[in-house]
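**Student:** mmCIF, C-alpha atoms, saved as run24.cif, coming up:
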data_run
#
loop_
_atom_site.group_PDB
_atom_site.id
_atom_site.type_symbol
_atom_site.label_atom_id
_atom_site.label_comp_id
_atom_site.auth_asym_id
_atom_site.auth_seq_id
_atom_site.Cartn_x
_atom_site.Cartn_y
_atom_site.Cartn_z
ATOM 1 C CA MET A 7 157.217 171.992 59.055
ATOM 2 C CA THR A 8 159.572 173.853 61.370
ATOM 3 C CA THR A 9 161.509 171.492 63.633
ATOM 4 C CA ALA A 10 163.469 171.738 66.874
ATOM 5 C CA GLY A 11 166.618 171.387 64.776
ATOM 6 C CA ASP A 12 165.605 174.440 62.743
ATOM 7 C CA ILE A 13 165.261 176.771 65.720
ATOM 8 C CA MET A 14 167.861 175.429 68.159
ATOM 9 C CA HIS A 15 171.168 177.049 68.986
ATOM 10 C CA ARG A 16 173.847 174.678 67.699
ATOM 11 C CA GLY A 17 177.019 173.944 69.561
ATOM 12 C CA ALA A 18 175.596 173.259 72.999
ATOM 13 C CA GLN A 19 178.047 171.509 75.296
ATOM 14 C CA TRP A 20 177.642 169.101 78.182
ATOM 15 C CA ILE A 21 179.107 169.548 81.617
ATOM 16 C CA PRO A 22 180.075 166.125 82.983
ATOM 17 C CA ALA A 23 178.304 165.277 86.252
ATOM 18 C CA HIS A 24 181.673 164.945 88.037
ATOM 19 C CA GLU A 25 182.768 168.521 87.185
ATOM 20 C CA THR A 26 182.608 171.134 89.926
ATOM 21 C CA LEU A 27 180.315 174.126 89.901
ATOM 22 C CA ASP A 28 183.189 176.588 89.659
ATOM 23 C CA ARG A 29 184.241 174.869 86.409
ATOM 24 C CA ALA A 30 180.620 174.941 85.223
ATOM 25 C CA ALA A 31 180.485 178.698 85.870
ATOM 26 C CA GLN A 32 183.718 179.182 83.930
ATOM 27 C CA LEU A 33 182.336 177.177 80.999
ATOM 28 C CA MET A 34 179.110 179.195 81.054
ATOM 29 C CA ARG A 35 181.163 182.394 80.877
ATOM 30 C CA GLU A 36 183.307 181.041 78.009
ATOM 31 C CA LEU A 37 180.243 179.951 76.029
ATOM 32 C CA GLY A 38 178.101 182.970 76.918
ATOM 33 C CA VAL A 39 175.256 180.812 78.226
ATOM 34 C CA GLY A 40 173.241 180.588 81.435
ATOM 35 C CA ALA A 41 172.614 176.846 81.424
ATOM 36 C CA LEU A 42 174.445 173.620 80.659
ATOM 37 C CA PRO A 43 173.070 170.128 80.186
ATOM 38 C CA ILE A 44 174.658 167.681 82.630
ATOM 39 C CA SER A 45 175.888 164.350 81.267
ATOM 40 C CA ASP A 46 176.521 161.120 83.110
ATOM 41 C CA GLU A 47 179.541 158.882 82.419
ATOM 42 C CA ASN A 48 177.763 157.483 79.315
ATOM 43 C CA GLU A 49 177.111 160.969 77.890
ATOM 44 C CA ARG A 50 173.418 160.696 78.646
ATOM 45 C CA LEU A 51 171.422 163.660 79.853
ATOM 46 C CA CYS A 52 170.993 163.548 83.634
ATOM 47 C CA GLY A 53 170.045 167.166 84.331
ATOM 48 C CA ILE A 54 170.414 170.831 83.505
ATOM 49 C CA LEU A 55 172.504 173.268 85.516
ATOM 50 C CA THR A 56 171.730 176.984 85.450
ATOM 51 C CA ASP A 57 173.695 179.951 86.685
ATOM 52 C CA ARG A 58 170.850 180.519 89.139
ATOM 53 C CA ASP A 59 171.262 176.956 90.468
ATOM 54 C CA ILE A 60 174.907 177.698 91.241
ATOM 55 C CA VAL A 61 174.104 180.925 93.068
ATOM 56 C CA ILE A 62 170.944 179.884 94.922
ATOM 57 C CA GLY A 63 171.649 176.189 95.457
ATOM 58 C CA CYS A 64 175.334 176.429 96.325
ATOM 59 C CA VAL A 65 176.826 179.849 97.037
ATOM 60 C CA ALA A 66 173.824 181.338 98.870
ATOM 61 C CA VAL A 67 173.685 178.395 101.275
ATOM 62 C CA GLY A 68 177.384 178.627 102.092
ATOM 63 C CA HIS A 69 178.737 175.760 100.012
ATOM 64 C CA ASP A 70 181.998 175.963 98.093
ATOM 65 C CA PRO A 71 181.410 175.732 94.309
ATOM 66 C CA ALA A 72 184.864 174.157 93.992
ATOM 67 C CA ARG A 73 183.628 171.211 96.087
ATOM 68 C CA VAL A 74 180.087 170.692 94.754
ATOM 69 C CA THR A 75 179.606 168.822 91.483
ATOM 70 C CA ALA A 76 177.153 169.426 88.677
ATOM 71 C CA GLY A 77 175.730 165.956 89.301
ATOM 72 C CA GLU A 78 174.917 166.860 92.892
ATOM 73 C CA MET A 79 172.768 169.711 91.590
ATOM 74 C CA ALA A 80 170.890 167.579 89.031
ATOM 75 C CA GLN A 81 167.314 167.154 90.223
ATOM 76 C CA GLY A 82 164.228 165.550 88.763
ATOM 77 C CA THR A 83 163.767 164.060 85.325
ATOM 78 C CA PRO A 84 165.578 166.020 82.621
ATOM 79 C CA ARG A 85 163.438 167.107 79.691
ATOM 80 C CA TRP A 86 164.680 167.076 76.092
ATOM 81 C CA ILE A 87 163.341 167.035 72.555
ATOM 82 C CA ASP A 88 164.385 165.218 69.391
ATOM 83 C CA ALA A 89 165.842 167.414 66.648
ATOM 84 C CA SER A 90 163.124 166.246 64.237
ATOM 85 C CA ALA A 91 160.234 167.210 66.549
ATOM 86 C CA ASP A 92 157.782 169.817 65.292
ATOM 87 C CA VAL A 93 157.992 173.278 66.864
ATOM 88 C CA ALA A 94 154.498 172.711 68.316
ATOM 89 C CA ASP A 95 155.960 169.792 70.292
ATOM 90 C CA VAL A 96 158.808 172.032 71.479
ATOM 91 C CA LEU A 97 156.319 174.613 72.755
ATOM 92 C CA HIS A 98 154.182 171.945 74.392
ATOM 93 C CA GLU A 99 157.163 170.380 76.191
ATOM 94 C CA MET A 100 158.403 173.740 77.455
ATOM 95 C CA GLN A 101 154.939 174.908 78.511
ATOM 96 C CA GLU A 102 153.893 171.631 80.110
ATOM 97 C CA HIS A 103 157.010 171.484 82.268
ATOM 98 C CA ARG A 104 157.424 175.262 82.686
ATOM 99 C CA ILE A 105 160.977 175.267 81.397
ATOM 100 C CA ARG A 106 162.880 177.991 79.613
ATOM 101 C CA ARG A 107 165.657 175.891 78.074
ATOM 102 C CA LEU A 108 165.357 172.590 76.268
ATOM 103 C CA PRO A 109 168.234 170.349 75.119
ATOM 104 C CA VAL A 110 167.914 168.981 71.588
ATOM 105 C CA ILE A 111 169.029 165.397 71.011
ATOM 106 C CA GLU A 112 169.706 163.566 67.741
ATOM 107 C CA ASP A 113 170.872 159.953 67.566
ATOM 108 C CA LYS A 114 171.322 159.999 71.382
ATOM 109 C CA ARG A 115 173.743 162.940 71.143
ATOM 110 C CA LEU A 116 173.333 166.547 72.248
ATOM 111 C CA VAL A 117 173.172 168.712 69.122
ATOM 112 C CA GLY A 118 171.740 171.957 70.443
ATOM 113 C CA MET A 119 169.688 173.877 72.945
ATOM 114 C CA ILE A 120 166.478 175.850 72.589
ATOM 115 C CA SER A 121 166.097 178.921 74.779
ATOM 116 C CA GLU A 122 163.761 181.878 74.982
ATOM 117 C CA SER A 123 165.910 183.843 72.552
ATOM 118 C CA ASP A 124 165.670 181.028 69.987
ATOM 119 C CA LEU A 125 161.886 181.091 70.299
ATOM 120 C CA ALA A 126 161.842 184.873 69.896
ATOM 121 C CA ARG A 127 163.894 184.679 66.692
ATOM 122 C CA HIS A 128 161.858 181.944 65.015
ATOM 123 C CA LEU A 129 158.250 182.068 66.178
ATOM 124 C CA THR A 130 155.326 184.356 65.541
ATOM 125 C CA ASP A 131 154.333 186.964 68.105
ATOM 126 C CA GLU A 132 151.209 184.925 68.843
ATOM 127 C CA GLN A 133 153.213 181.737 69.505
ATOM 128 C CA ILE A 134 155.646 183.590 71.774
ATOM 129 C CA ALA A 135 152.827 185.276 73.695
ATOM 130 C CA GLY A 136 151.104 181.938 74.298
ATOM 131 C CA TRP A 137 154.344 180.341 75.422
ATOM 132 C CA ALA A 138 155.224 183.187 77.785
ATOM 133 C CA GLU A 139 151.740 183.256 79.289
ATOM 134 C CA ASN A 140 151.861 179.528 80.033
ATOM 135 C CA VAL A 141 155.436 179.379 81.305
ATOM 136 C CA TYR A 142 155.609 182.606 83.297
ATOM 137 C CA ALA A 143 152.048 182.935 84.551
ATOM 138 C CA ARG A 144 152.014 179.354 85.865
ATOM 139 C CA SER A 145 155.444 179.606 87.467
ATOM 140 C CA ALA A 146 154.573 182.903 89.155
ATOM 141 C CA THR A 147 151.651 181.236 90.922
ATOM 142 C CA THR A 148 153.735 178.279 92.112
ATOM 143 C CA HIS A 149 156.695 180.215 93.599
#
For the file at hand, write its structure as structure tokens.

**Tutor:**
Amino acid sequence: MTTAGDIMHRGAQWIPAHETLDRAAQLMRELGVGALPISDENERLCGILTDRDIVIGCVAVGHDPARVTAGEMAQGTPRWIDASADVADVLHEMQEHRIRRLPVIEDKRLVGMISESDLARHLTDEQIAGWAENVYARSATTH
């Protein structure tokens, strides 16, 4: 059985909810990523921040990214998956919620992140095609 832990990108890092968006952008650049899980003061997942969130939700509306925090951008219920979950559960979670990045948690700690590139490296062409059809086709009709 292939698990979330098998396909995830290790070394994912939190951005604390109190950190500003300019710091989040700097961390994204340093890590070479487009998304960061947001943690509350207890290091629990409270959201995900993307580079697009910073641009569209802050800069494009005239806000200063040095004055807006990651926590202010956290919306909705964050989705995650346990490291021991089967890859079928990973695909289901991402498809069901139309998400492209999924934090991986083990023993209540962030241990990795699953993104589209992780799926592409580890899944069959058929699995990837089904995932893409569900995530992209559905989101295109809702935006």

**Student:** Using only C-alpha atoms, determine which residues lie at most 12 Å from Gln101 of chain A, disregarding the query and same-chain residues fewer than 4 positions distant; provide the list as a PyMOL selection string.

**Tutor:** chain A and resi 85+94-97+105-108+122+133-145

**Student:** What is the atom CA of Asp131 of chain A-atom CA of Glu102 of chain A distance in Å, reported with one decimal?

**Tutor:**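 Value for the atom CA of Asp131 of chain A-atom CA of Glu102 of chain A distance: 19.5 Å.
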
**Student:** I need the output of the PyMOL selection byres ((chain A and resi 19) around 10) for this file as a list of chain:residue names; which residues are they?

**Tutor:** A:Arg16, A:Gly17, A:Ala18, A:Trp20, A:Ile21, A:Pro22, A:Leu33, A:Met34, A:Leu37, A:Ala41, A:Leu42, A:Pro43, A:Ile44, A:Ser45, A:Pro109, A:Leu116, A:Val117, A:Gly118, A:Met119

**Student:** Compare A:Glu132, A:Asp70, A:Asp113, A:Asp88 by their minimum atom-to-atom distance to Arg29 of chain A, counting all atoms listed in the file, and give me the closest one.

**Tutor:** A:Asp70

**Student:** Considering only C-alpha atoms, can you say which of A:Leu27, A:Met14, A:Met100, A:Val65 comes closest to Met79 of chain A?

**Tutor:**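 Closest to Met79 of chain A, using only C-alpha atoms: A:Leu27.
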